[in-house]
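Listing of structure.txt, compact mmCIF, C-alpha atoms
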```txt
# COMPACT_ATOMS: atom_id res chain seq x y z
CA MET A 1 0.00 0.00 0.00
CA ASN A 2 1.57 3.31 -1.07
CA LYS A 3 1.73 6.48 0.98
CA ASP A 4 -1.07 8.23 -0.93
CA THR A 5 -3.45 5.32 -0.37
CA LYS A 6 -2.69 5.24 3.36
CA LEU A 7 -3.20 9.00 3.57
CA HIS A 8 -6.56 8.71 1.83
CA MET A 9 -7.71 5.95 4.18
CA GLN A 10 -6.69 7.94 7.25
CA ALA A 11 -8.38 11.07 6.00
CA SER A 12 -11.55 9.38 4.82
CA GLY A 13 -12.57 7.44 7.92
CA SER A 14 -16.30 7.04 7.45
CA ARG A 15 -16.44 9.67 4.69
CA ILE A 16 -18.29 8.90 1.48
CA SER A 17 -15.61 9.05 -1.21
CA SER A 18 -18.08 9.79 -4.02
CA ILE A 19 -19.15 12.97 -2.21
CA ASP A 20 -15.52 14.09 -1.89
CA SER A 21 -14.94 13.38 -5.58
CA LEU A 22 -18.00 15.38 -6.62
CA ARG A 23 -17.03 18.28 -4.38
CA GLY A 24 -13.48 18.14 -5.73
CA LEU A 25 -14.77 18.16 -9.31
CA VAL A 26 -16.80 21.34 -8.84
CA MET A 27 -13.85 22.97 -7.09
CA VAL A 28 -11.72 22.25 -10.15
CA LEU A 29 -14.43 23.87 -12.29
CA MET A 30 -14.62 26.83 -9.92
CA THR A 31 -10.89 27.36 -10.38
CA LEU A 32 -11.44 27.53 -14.14
CA ASP A 33 -14.05 30.26 -13.66
CA HIS A 34 -11.85 32.37 -11.43
CA THR A 35 -8.84 31.90 -13.71
CA ARG A 36 -11.01 33.19 -16.56
CA ASP A 37 -12.00 36.18 -14.41
CA PHE A 38 -8.38 37.28 -14.05
CA PHE A 39 -6.98 36.32 -17.46
CA SER A 40 -9.65 36.37 -20.17
CA ASN A 41 -9.49 38.90 -23.00
CA ALA A 42 -13.31 38.94 -23.15
CA HIS A 43 -14.31 42.06 -21.19
CA PHE A 44 -18.02 41.29 -21.11
CA SER A 45 -20.30 38.74 -19.54
CA PRO A 46 -19.64 35.31 -21.11
CA THR A 47 -23.38 34.63 -20.98
CA ASP A 48 -24.26 37.76 -22.99
CA LEU A 49 -25.55 36.06 -26.13
CA ASP A 50 -25.11 39.23 -28.18
CA GLN A 51 -21.34 39.17 -27.65
CA THR A 52 -20.21 35.71 -26.57
CA SER A 53 -19.03 32.64 -28.45
CA VAL A 54 -20.15 29.07 -27.84
CA ALA A 55 -16.77 28.16 -26.31
CA LEU A 56 -16.74 31.16 -23.98
CA PHE A 57 -20.36 30.62 -22.94
CA MET A 58 -19.78 26.95 -22.14
CA THR A 59 -16.59 27.79 -20.22
CA ARG A 60 -18.72 29.96 -17.96
CA TRP A 61 -21.82 27.74 -17.99
CA ILE A 62 -20.04 24.57 -16.82
CA THR A 63 -18.92 26.46 -13.72
CA HIS A 64 -22.54 27.21 -12.77
CA PHE A 65 -22.53 23.80 -11.11
CA CYS A 66 -20.13 24.96 -8.42
CA ALA A 67 -22.19 27.06 -6.00
CA PRO A 68 -25.34 24.86 -5.90
CA VAL A 69 -23.26 21.72 -5.37
CA PHE A 70 -21.14 23.42 -2.66
CA VAL A 71 -24.20 24.53 -0.70
CA PHE A 72 -26.11 21.28 -1.27
CA LEU A 73 -23.19 19.14 -0.12
CA ALA A 74 -22.54 21.43 2.84
CA GLY A 75 -26.06 20.61 3.99
CA ALA A 76 -25.60 16.89 3.34
CA GLY A 77 -22.24 16.93 5.10
CA SER A 78 -23.82 18.56 8.14
CA TYR A 79 -26.32 15.71 8.43
CA LEU A 80 -23.61 13.08 8.02
CA TRP A 81 -21.46 14.83 10.66
CA TRP A 82 -24.42 14.64 13.03
CA LEU A 83 -25.16 11.00 12.21
CA GLN A 84 -21.54 9.95 12.73
CA ARG A 85 -21.42 11.51 16.21
CA GLY A 86 -24.89 10.50 17.34
CA THR A 87 -28.13 12.40 17.61
CA GLU A 88 -27.05 13.87 20.94
CA ALA A 89 -24.13 15.67 19.30
CA ALA A 90 -24.25 19.46 19.47
CA ILE A 91 -24.86 20.02 15.77
CA SER A 92 -26.35 23.48 16.33
CA THR A 93 -23.21 24.59 18.12
CA PHE A 94 -21.04 23.14 15.35
CA LEU A 95 -23.06 24.93 12.65
CA VAL A 96 -23.00 28.25 14.51
CA LYS A 97 -19.24 28.09 15.04
CA ARG A 98 -18.54 27.09 11.45
CA GLY A 99 -20.95 29.70 10.09
CA LEU A 100 -19.37 32.51 12.13
CA ILE A 101 -15.84 31.44 11.15
CA ILE A 102 -16.80 31.44 7.47
CA LEU A 103 -18.42 34.87 7.80
CA ALA A 104 -15.24 36.24 9.38
CA LEU A 105 -13.13 34.72 6.60
CA THR A 106 -15.50 36.17 3.98
CA ALA A 107 -15.01 39.72 5.23
CA THR A 108 -11.23 39.42 5.67
CA VAL A 109 -9.20 36.61 4.10
CA GLU A 110 -11.44 36.12 1.06
CA ALA A 111 -11.97 39.85 0.54
CA LEU A 112 -8.22 40.49 0.49
CA ALA A 113 -7.68 37.69 -2.04
CA TRP A 114 -9.80 39.50 -4.66
CA ASN A 115 -8.32 42.92 -4.04
CA PHE A 116 -4.89 43.22 -2.45
CA HIS A 117 -5.67 46.85 -1.55
CA HIS A 118 -9.03 45.96 -0.09
CA ASP A 119 -11.18 48.43 1.83
CA PHE A 120 -12.67 46.21 4.51
CA ARG A 121 -15.68 48.50 4.77
CA GLN A 122 -16.90 46.96 1.50
CA ILE A 123 -18.29 43.47 2.04
CA ASP A 124 -19.12 41.20 -0.88
CA GLY A 125 -21.63 38.48 -0.11
CA GLY A 126 -20.58 35.60 -2.39
CA VAL A 127 -20.73 31.85 -2.04
CA LEU A 128 -19.02 31.75 1.38
CA TRP A 129 -21.46 34.38 2.61
CA ALA A 130 -24.38 32.22 1.45
CA ILE A 131 -22.93 29.07 3.02
CA ALA A 132 -22.23 30.83 6.33
CA TRP A 133 -25.71 32.31 6.74
CA SER A 134 -27.34 29.08 5.57
CA MET A 135 -25.43 27.20 8.28
CA LEU A 136 -26.53 29.70 10.90
CA VAL A 137 -30.17 29.29 9.87
CA LEU A 138 -29.77 25.50 9.67
CA ALA A 139 -28.50 25.57 13.27
CA GLY A 140 -32.03 26.52 14.25
CA LEU A 141 -33.83 24.36 11.69
CA VAL A 142 -32.20 21.17 12.99
CA LYS A 143 -34.43 21.45 16.05
CA LEU A 144 -37.38 20.62 13.77
CA PRO A 145 -38.38 17.22 12.35
CA LEU A 146 -36.45 16.34 9.21
CA SER A 147 -39.61 16.40 7.09
CA TRP A 148 -40.21 20.02 8.13
CA ILE A 149 -36.65 20.99 7.17
CA ILE A 150 -37.13 19.44 3.74
CA ALA A 151 -40.49 21.19 3.35
CA PHE A 152 -38.91 24.52 4.31
CA GLY A 153 -36.14 24.04 1.74
CA SER A 154 -38.59 23.04 -0.98
CA VAL A 155 -40.74 26.13 -0.42
CA MET A 156 -37.68 28.40 -0.52
CA ILE A 157 -36.45 26.90 -3.80
CA ILE A 158 -39.75 26.44 -5.61
CA GLY A 159 -41.52 29.55 -4.40
CA HIS A 160 -38.95 32.33 -4.41
CA ASN A 161 -39.37 33.16 -8.12
CA SER A 162 -42.96 34.19 -7.37
CA LEU A 163 -41.39 37.16 -5.55
CA ASP A 164 -39.26 38.36 -8.47
CA SER A 165 -41.49 41.36 -9.15
CA LEU A 166 -40.81 42.84 -5.70
CA SER A 167 -37.94 45.34 -5.66
CA ALA A 168 -36.13 46.65 -2.62
CA SER A 169 -37.07 50.25 -3.47
CA GLU A 170 -40.77 49.42 -3.05
CA LEU A 171 -40.42 48.07 0.48
CA GLY A 172 -39.30 51.10 2.46
CA TRP A 173 -37.35 50.26 5.62
CA PHE A 174 -37.42 46.57 4.68
CA GLY A 175 -35.71 47.29 1.34
CA PRO A 176 -32.13 46.56 2.49
CA TRP A 177 -33.27 43.32 4.09
CA TRP A 178 -34.98 42.37 0.84
CA SER A 179 -31.70 42.93 -0.98
CA VAL A 180 -30.01 40.48 1.38
CA LEU A 181 -32.81 37.96 1.10
CA HIS A 182 -33.76 38.10 -2.57
CA THR A 183 -32.55 40.77 -4.99
CA GLY A 184 -28.84 41.04 -4.14
CA ALA A 185 -28.75 44.79 -4.78
CA LYS A 186 -25.96 46.82 -3.20
CA ILE A 187 -26.69 48.38 0.18
CA ARG A 188 -24.88 51.63 0.94
CA LEU A 189 -24.38 52.21 4.64
CA ALA A 190 -22.90 55.12 6.58
CA ASP A 191 -19.28 56.30 6.37
CA GLY A 192 -18.34 54.43 3.22
CA TRP A 193 -19.61 51.03 4.33
CA LEU A 194 -21.04 48.98 1.48
CA LEU A 195 -22.63 45.53 1.43
CA HIS A 196 -23.10 43.74 -1.89
CA PRO A 197 -25.03 40.52 -1.11
CA TYR A 198 -24.96 39.18 -4.66
CA TYR A 199 -25.74 35.70 -3.32
CA PRO A 200 -29.20 36.50 -1.87
CA LEU A 201 -30.13 34.13 0.90
CA ILE A 202 -33.66 32.77 0.32
CA PRO A 203 -32.87 30.21 -2.40
CA TRP A 204 -29.51 29.26 -0.87
CA LEU A 205 -31.17 28.60 2.49
CA GLY A 206 -33.44 26.25 0.58
CA VAL A 207 -30.56 24.43 -1.10
CA MET A 208 -28.80 23.97 2.26
CA ALA A 209 -31.98 22.62 3.89
CA ILE A 210 -32.66 20.22 1.00
CA GLY A 211 -29.02 19.12 1.16
CA PHE A 212 -29.44 18.36 4.87
CA GLY A 213 -32.37 16.11 3.99
CA PHE A 214 -30.33 14.51 1.23
CA GLY A 215 -27.78 13.58 3.87
CA LYS A 216 -30.41 11.19 5.25
CA TRP A 217 -30.73 9.64 1.76
CA LEU A 218 -26.96 9.20 1.58
CA SER A 219 -26.84 7.54 4.99
CA ILE A 220 -28.97 4.62 3.77
CA PRO A 221 -27.07 2.28 1.41
CA TYR A 222 -30.35 1.19 -0.24
CA TRP A 223 -31.07 4.76 -1.35
CA ARG A 224 -27.45 5.64 -2.09
CA SER A 225 -27.33 3.08 -4.88
CA PRO A 226 -26.15 4.39 -8.26
CA ALA A 227 -29.48 3.51 -9.87
CA ARG A 228 -31.49 5.58 -7.41
CA LEU A 229 -29.11 8.53 -7.49
CA PHE A 230 -29.18 8.41 -11.28
CA SER A 231 -32.99 8.29 -11.31
CA LEU A 232 -33.20 11.29 -8.98
CA GLY A 233 -30.78 13.27 -11.14
CA ILE A 234 -32.64 12.43 -14.35
CA THR A 235 -35.94 13.42 -12.70
CA LEU A 236 -34.56 16.86 -11.82
CA MET A 237 -33.15 17.29 -15.33
CA GLY A 238 -36.46 16.26 -16.90
CA THR A 239 -38.32 18.72 -14.68
CA PHE A 240 -35.93 21.45 -15.76
CA ILE A 241 -36.49 20.72 -19.46
CA ILE A 242 -40.30 20.71 -19.13
CA LEU A 243 -40.47 23.91 -17.07
CA ARG A 244 -37.86 25.71 -19.15
CA TYR A 245 -39.57 24.81 -22.40
CA SER A 246 -42.87 26.16 -21.09
CA ASN A 247 -41.33 29.58 -20.33
CA GLN A 248 -44.06 29.99 -17.70
CA TYR A 249 -42.32 29.86 -14.33
CA GLY A 250 -39.02 29.23 -12.64
CA ASP A 251 -36.72 31.82 -14.20
CA PRO A 252 -37.06 35.58 -14.77
CA LYS A 253 -35.18 35.35 -18.08
CA PRO A 254 -37.25 33.47 -20.72
CA TRP A 255 -35.39 31.61 -23.44
CA GLN A 256 -35.90 32.60 -27.08
CA ALA A 257 -35.16 31.34 -30.55
CA TYR A 258 -31.97 32.62 -32.24
CA PRO A 259 -31.00 32.45 -35.93
CA THR A 260 -28.72 29.47 -35.20
CA PRO A 261 -29.72 26.32 -33.28
CA GLU A 262 -26.62 26.42 -31.07
CA PHE A 263 -27.47 29.90 -29.77
CA THR A 264 -31.08 28.87 -29.24
CA LEU A 265 -29.72 26.06 -27.05
CA LEU A 266 -27.49 28.53 -25.21
CA SER A 267 -30.53 30.72 -24.56
CA PHE A 268 -32.35 27.67 -23.19
CA LEU A 269 -29.46 26.98 -20.81
CA ASN A 270 -28.89 30.60 -19.84
CA CYS A 271 -30.69 30.63 -16.51
CA HIS A 272 -30.58 33.30 -13.81
CA LYS A 273 -27.88 32.89 -11.16
CA TYR A 274 -28.15 36.03 -8.98
CA PRO A 275 -30.35 34.91 -7.26
CA PRO A 276 -30.35 31.32 -8.49
CA SER A 277 -33.71 30.58 -10.06
CA LEU A 278 -35.62 27.36 -9.56
CA LEU A 279 -34.57 26.32 -13.07
CA TYR A 280 -30.93 27.18 -12.39
CA ILE A 281 -30.98 24.89 -9.35
CA LEU A 282 -32.69 22.05 -11.25
CA MET A 283 -30.28 22.49 -14.17
CA THR A 284 -27.23 22.16 -11.92
CA LEU A 285 -28.20 19.71 -9.18
CA GLY A 286 -29.74 17.22 -11.62
CA PRO A 287 -26.53 16.56 -13.58
CA ALA A 288 -24.52 16.71 -10.34
CA LEU A 289 -26.54 13.79 -8.97
CA VAL A 290 -25.94 11.85 -12.19
CA VAL A 291 -22.19 12.39 -11.75
CA LEU A 292 -22.50 11.34 -8.10
CA ALA A 293 -24.18 8.12 -9.27
CA LEU A 294 -21.26 7.48 -11.62
CA PHE A 295 -18.75 8.02 -8.81
CA GLU A 296 -20.74 5.60 -6.63
CA ALA A 297 -20.91 2.97 -9.39
CA LEU A 298 -17.30 3.39 -10.47
CA PRO A 299 -15.22 4.54 -7.47
CA ARG A 300 -12.04 4.61 -9.54
CA LEU A 301 -13.63 6.94 -12.09
CA GLY A 302 -12.67 10.03 -10.11
CA PRO A 303 -8.92 10.75 -10.05
CA ALA A 304 -7.35 10.78 -6.58
CA PHE A 305 -6.74 14.52 -6.70
CA LEU A 306 -10.52 15.16 -6.84
CA GLY A 307 -10.98 13.38 -3.52
CA LEU A 308 -8.08 15.31 -2.02
CA PHE A 309 -9.52 18.65 -3.12
CA GLY A 310 -12.94 17.57 -1.86
CA ARG A 311 -11.56 16.78 1.59
CA THR A 312 -9.87 20.19 1.96
CA PRO A 313 -12.59 22.48 0.56
CA LEU A 314 -12.27 25.72 2.52
CA PHE A 315 -8.48 25.62 2.50
CA PHE A 316 -8.57 25.02 -1.27
CA TYR A 317 -11.09 27.80 -1.84
CA LEU A 318 -9.16 30.51 -0.03
CA LEU A 319 -5.79 29.39 -1.35
CA HIS A 320 -6.81 29.18 -5.00
CA LEU A 321 -7.93 32.82 -4.99
CA TYR A 322 -4.52 34.00 -3.78
CA LEU A 323 -2.67 31.77 -6.23
CA ILE A 324 -4.70 32.99 -9.22
CA HIS A 325 -4.35 36.64 -8.21
CA LEU A 326 -0.59 36.29 -7.63
CA LEU A 327 -0.19 34.46 -10.93
CA ALA A 328 -2.08 37.24 -12.72
CA LEU A 329 0.25 39.84 -11.22
CA THR A 330 3.31 37.78 -12.14
CA VAL A 331 2.20 37.31 -15.74
CA ALA A 332 1.26 40.98 -16.04
CA TRP A 333 4.65 42.04 -14.68
CA ALA A 334 6.47 39.75 -17.13
CA ASP A 335 4.28 40.83 -20.05
CA ASP A 336 4.26 44.56 -19.30
CA GLY A 337 0.61 44.27 -18.32
CA PRO A 338 -1.72 46.26 -15.99
CA VAL A 339 -0.11 45.33 -12.68
CA SER A 340 -1.63 48.24 -10.76
CA ALA A 341 -5.18 47.56 -11.97
CA LEU A 342 -4.89 43.87 -11.15
CA MET A 343 -3.50 44.68 -7.73
CA THR A 344 -6.53 46.79 -6.84
CA GLY A 345 -9.24 44.48 -8.16
CA GLY A 346 -9.63 45.83 -11.67
CA ILE A 347 -11.43 42.69 -12.82
CA TRP A 348 -14.48 43.89 -10.90
CA VAL A 349 -14.44 47.62 -11.48
CA ALA A 350 -13.70 47.72 -15.21
CA GLU A 351 -10.27 49.32 -14.83
CA LEU A 352 -8.46 46.83 -17.05
CA PRO A 353 -7.40 48.07 -20.50
CA GLN A 354 -9.43 46.69 -23.37
CA ASP A 355 -6.37 45.07 -24.91
CA TYR A 356 -5.58 43.13 -21.71
CA GLY A 357 -6.13 39.39 -21.49
CA TYR A 358 -5.56 36.10 -23.21
CA SER A 359 -7.46 33.68 -25.41
CA LEU A 360 -9.31 30.69 -24.00
CA PRO A 361 -6.52 28.15 -24.74
CA ILE A 362 -4.11 30.25 -22.66
CA VAL A 363 -6.72 30.59 -19.91
CA TYR A 364 -7.11 26.81 -19.83
CA LEU A 365 -3.34 26.33 -19.65
CA LEU A 366 -3.09 28.75 -16.74
CA TRP A 367 -5.98 26.96 -15.03
CA LEU A 368 -4.11 23.65 -15.20
CA SER A 369 -1.03 25.38 -13.81
CA VAL A 370 -3.00 26.62 -10.80
CA LEU A 371 -4.36 23.11 -10.15
CA ALA A 372 -0.83 21.70 -10.31
CA LEU A 373 0.28 24.20 -7.67
CA LEU A 374 -2.72 23.48 -5.46
CA TYR A 375 -2.25 19.71 -5.31
CA PRO A 376 0.92 19.52 -3.13
CA LEU A 377 -0.34 22.34 -0.91
CA CYS A 378 -3.67 20.62 -0.24
CA ARG A 379 -1.87 17.31 0.29
CA SER A 380 0.42 18.89 2.87
CA PHE A 381 -2.54 20.50 4.62
CA GLU A 382 -4.33 17.15 4.83
CA GLN A 383 -1.20 15.53 6.27
CA LEU A 384 -1.03 18.31 8.85
CA LYS A 385 -4.64 17.69 9.92
CA ILE A 386 -3.93 13.97 10.32
CA SER A 387 -0.67 14.48 12.22
CA LYS A 388 -2.14 17.13 14.54
CA PRO A 389 -5.53 15.78 15.68
CA GLU A 390 -5.27 17.93 18.78
CA TRP A 391 -5.52 21.04 16.55
CA SER A 392 -9.29 20.75 16.34
CA TRP A 393 -9.63 24.17 14.73
CA LEU A 394 -8.19 22.71 11.52
CA ASN A 395 -11.41 20.73 11.12
CA TYR A 396 -13.21 23.99 10.36
CA LEU A 397 -11.05 24.39 7.26
```
Using structure tokens, write down the structure that the file contains.
Amino acid sequence: MNKDTKLHMQASGSRISSIDSLRGLVMVLMTLDHTRDFFSNAHFSPTDLDQTSVALFMTRWITHFCAPVFVFLAGAGSYLWWLQRGTEAAISTFLVKRGLIILALTATVEALAWNFHHDFRQIDGGVLWAIAWSMLVLAGLVKLPLSWIIAFGSVMIIGHNSLDSLSASELGWFGPWWSVLHTGAKIRLADGWLLHPYYPLIPWLGVMAIGFGFGKWLSIPYWRSPARLFSLGITLMGTFIILRYSNQYGDPKPWQAYPTPEFTLLSFLNCHKYPPSLLYILMTLGPALVVLALFEALPRLGPAFLGLFGRTPLFFYLLHLYLIHLLALTVAWADDGPVSALMTGGIWVAELPQDYGYSLPIVYLLWLSVLALLYPLCRSFEQLKISKPEWSWLNYL
């Protein structure tokens, strides 16, 4: 037995390896998206069908799977954590601690990764923000019967698009809260403080709650069979196709026919992410469950590095942002590029020159380079967690 195999066995314990592989896969895709953010020569939204290409659109679209799978598996992982330690375990305390730690990291460590000259009065509510608040809410929900938690999550996911017509400006004093819960609009506070909750909470709370219920499914070998996971995934995908084709409900952006069939298909797939519509969630979680079924049926299908990345998710997430940003600065310095703009977060505030950036093949090459750098670092971090079990705080990373 080689060293890597022993390390995996020590790290896994009672973990479900297919879950780690799926989480690792979406983290790899997430890294592609963020590499594109810093290096692409396309200075427009890749999902803008009036400007994009098929390759650029699909490079962005495939990464849509990341956030829903992260939040969904965070909920499932919370249930499995509870099950492993017994129903008397203090799961609410665990969720509160983890949620508060992630919130603190969101406003500090993550914020600095995007903008090395960050003004900490400006808080961006991205995927970590959504996960943190969802965990804090789940800490209270776990006091309820599991069927109630699932019902709560279902209502949040299915029903929130019925509220799309409500804008924060119409709700008076409740407007800022509505931005946090549903619209994601920026909230300007006193003395230069700014909150941009672009991951509004209502649908993400639903995904976390449904994920918690899915943890129960995963805990029962009969239900965790590849055939049943595959059937569930296909059911979600079929529901997406039927609802999307109807153009009646589930997404504020109807699809339309384009002069070419490929762009008509892109329009069909181009669902609303901020906030994630019902159709966006169906479109992403359905295929993710099919992939999970494949990993369950064929455990060797997922390369070992996917499991490693999936077992060190928060460490990977924070580290990959710094690596990509540092790599962008290094390449810009070597290529006489916009170092100053990249240093101060120009990718978000449109300060990059129009001639900056690289074609998709170069972006993909840089993405693979980042993954190659991440592997030994994540491996070393996992070894540290195993060798220092008394450092319990590492478990929160």
What's the separation between CA of Pro299 in chain A and CA of Ser21 in chain A, in Å to one decimal place?
9.0 Å
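Proximity to Val137 in chain A was assessed for A:Leu163, A:Met156, A:Ile234, A:Val96 counting only C-alpha atoms; the smallest distance is recorded for A:Val96.
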(-25.9, 13.7, -11.9) in this file's frame - what residues fall within 9 Å of it? Use all atoms listed in the file and give the answer as an MDAnalysis selection string.
chainID A and resid 229:234 237 284:294
Surrounding residues of Leu83 in chain A excluding itself and chain neighbours under 3 positions, 12 Å, only C-alpha atoms, as a ChimeraX atom specification:
/A:14-15,76-80,86-91,212,215-220
For CA of Lys97 in chain A and CA of Ala139 in chain A, determine how far apart the two atoms are, in Å to one decimal place.
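Those two atoms sit 9.8 Å apart.
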What does the distance between CA of Val54 in chain A and CA of Tyr199 in chain A come to in Å, to one decimal place?
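Between these atoms lies a distance of 26.0 Å.
Minimum distance to Pro226 in chain A across A:Phe214, A:Trp193, A:Phe295, A:Tyr280 (counting only C-alpha atoms) occurs at A:Phe295.
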I want to know what sits within 12 Å of Leu189 in chain A, based on only C-alpha atoms, with residues of the same chain fewer than 6 positions away left out; could you give that as a PyMOL selection string?
chain A and resi 121-123+176+195-196
Which neighbours of Leu181 in chain A fall inside 8 Å, counting only C-alpha atoms, when residues of the same chain fewer than 3 positions from it are skipped, and could you give them as a PyMOL selection string?
chain A and resi 177-178+184+200-202
Provide an axis-aligned box for all listed atoms of range 32-45 of chain A, padding each side by 4 Å; report its centre and its edge lengths in Å to one decimal, as lines of an AutoDock Vina configuration file.
```
center_x = -13.6
center_y = 34.8
center_z = -17.3
size_x = 21.3
size_y = 22.5
size_z = 19.7
```
Quick one: residues within 12 Å of Ile362 in chain A, all atoms listed in the file counted, chain neighbours fewer than 3 positions away excluded, as a list of chain:residue names?
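Surrounding residues, per the criterion: A:Leu32, A:Thr35, A:Arg36, A:Phe38, A:Phe39, A:Ser40, A:Asn41, A:Val331, A:Gly357, A:Tyr358, A:Ser359, A:Leu365, A:Leu366, A:Trp367, A:Leu368, A:Ser369.
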Write out as JSON, numbers by chain which residues come within 10 Å of Phe57 in chain A when counting only C-alpha atoms, dropping same-chain ones fewer than 3 positions away.
{"A": [45, 46, 47, 48, 49, 51, 52, 53, 54, 60, 61, 62, 263, 266, 270]}
Residues within 12 Å of (-40.2, 25.5, 2.5), file coordinates, counting all atoms listed in the file: what are they? Give the list as a list in words.
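Neighbouring residues, ordered by chain and number, come to Leu141, Leu146, Ser147, Trp148, Ile149, Ile150, Ala151, Phe152, Gly153, Ser154, Val155, Met156, Ile157, Ile158, Gly159, His160, Ile202, Pro203, Trp204, Leu205, Gly206, Val207, Met208, Ala209 and Ile210 of chain A.
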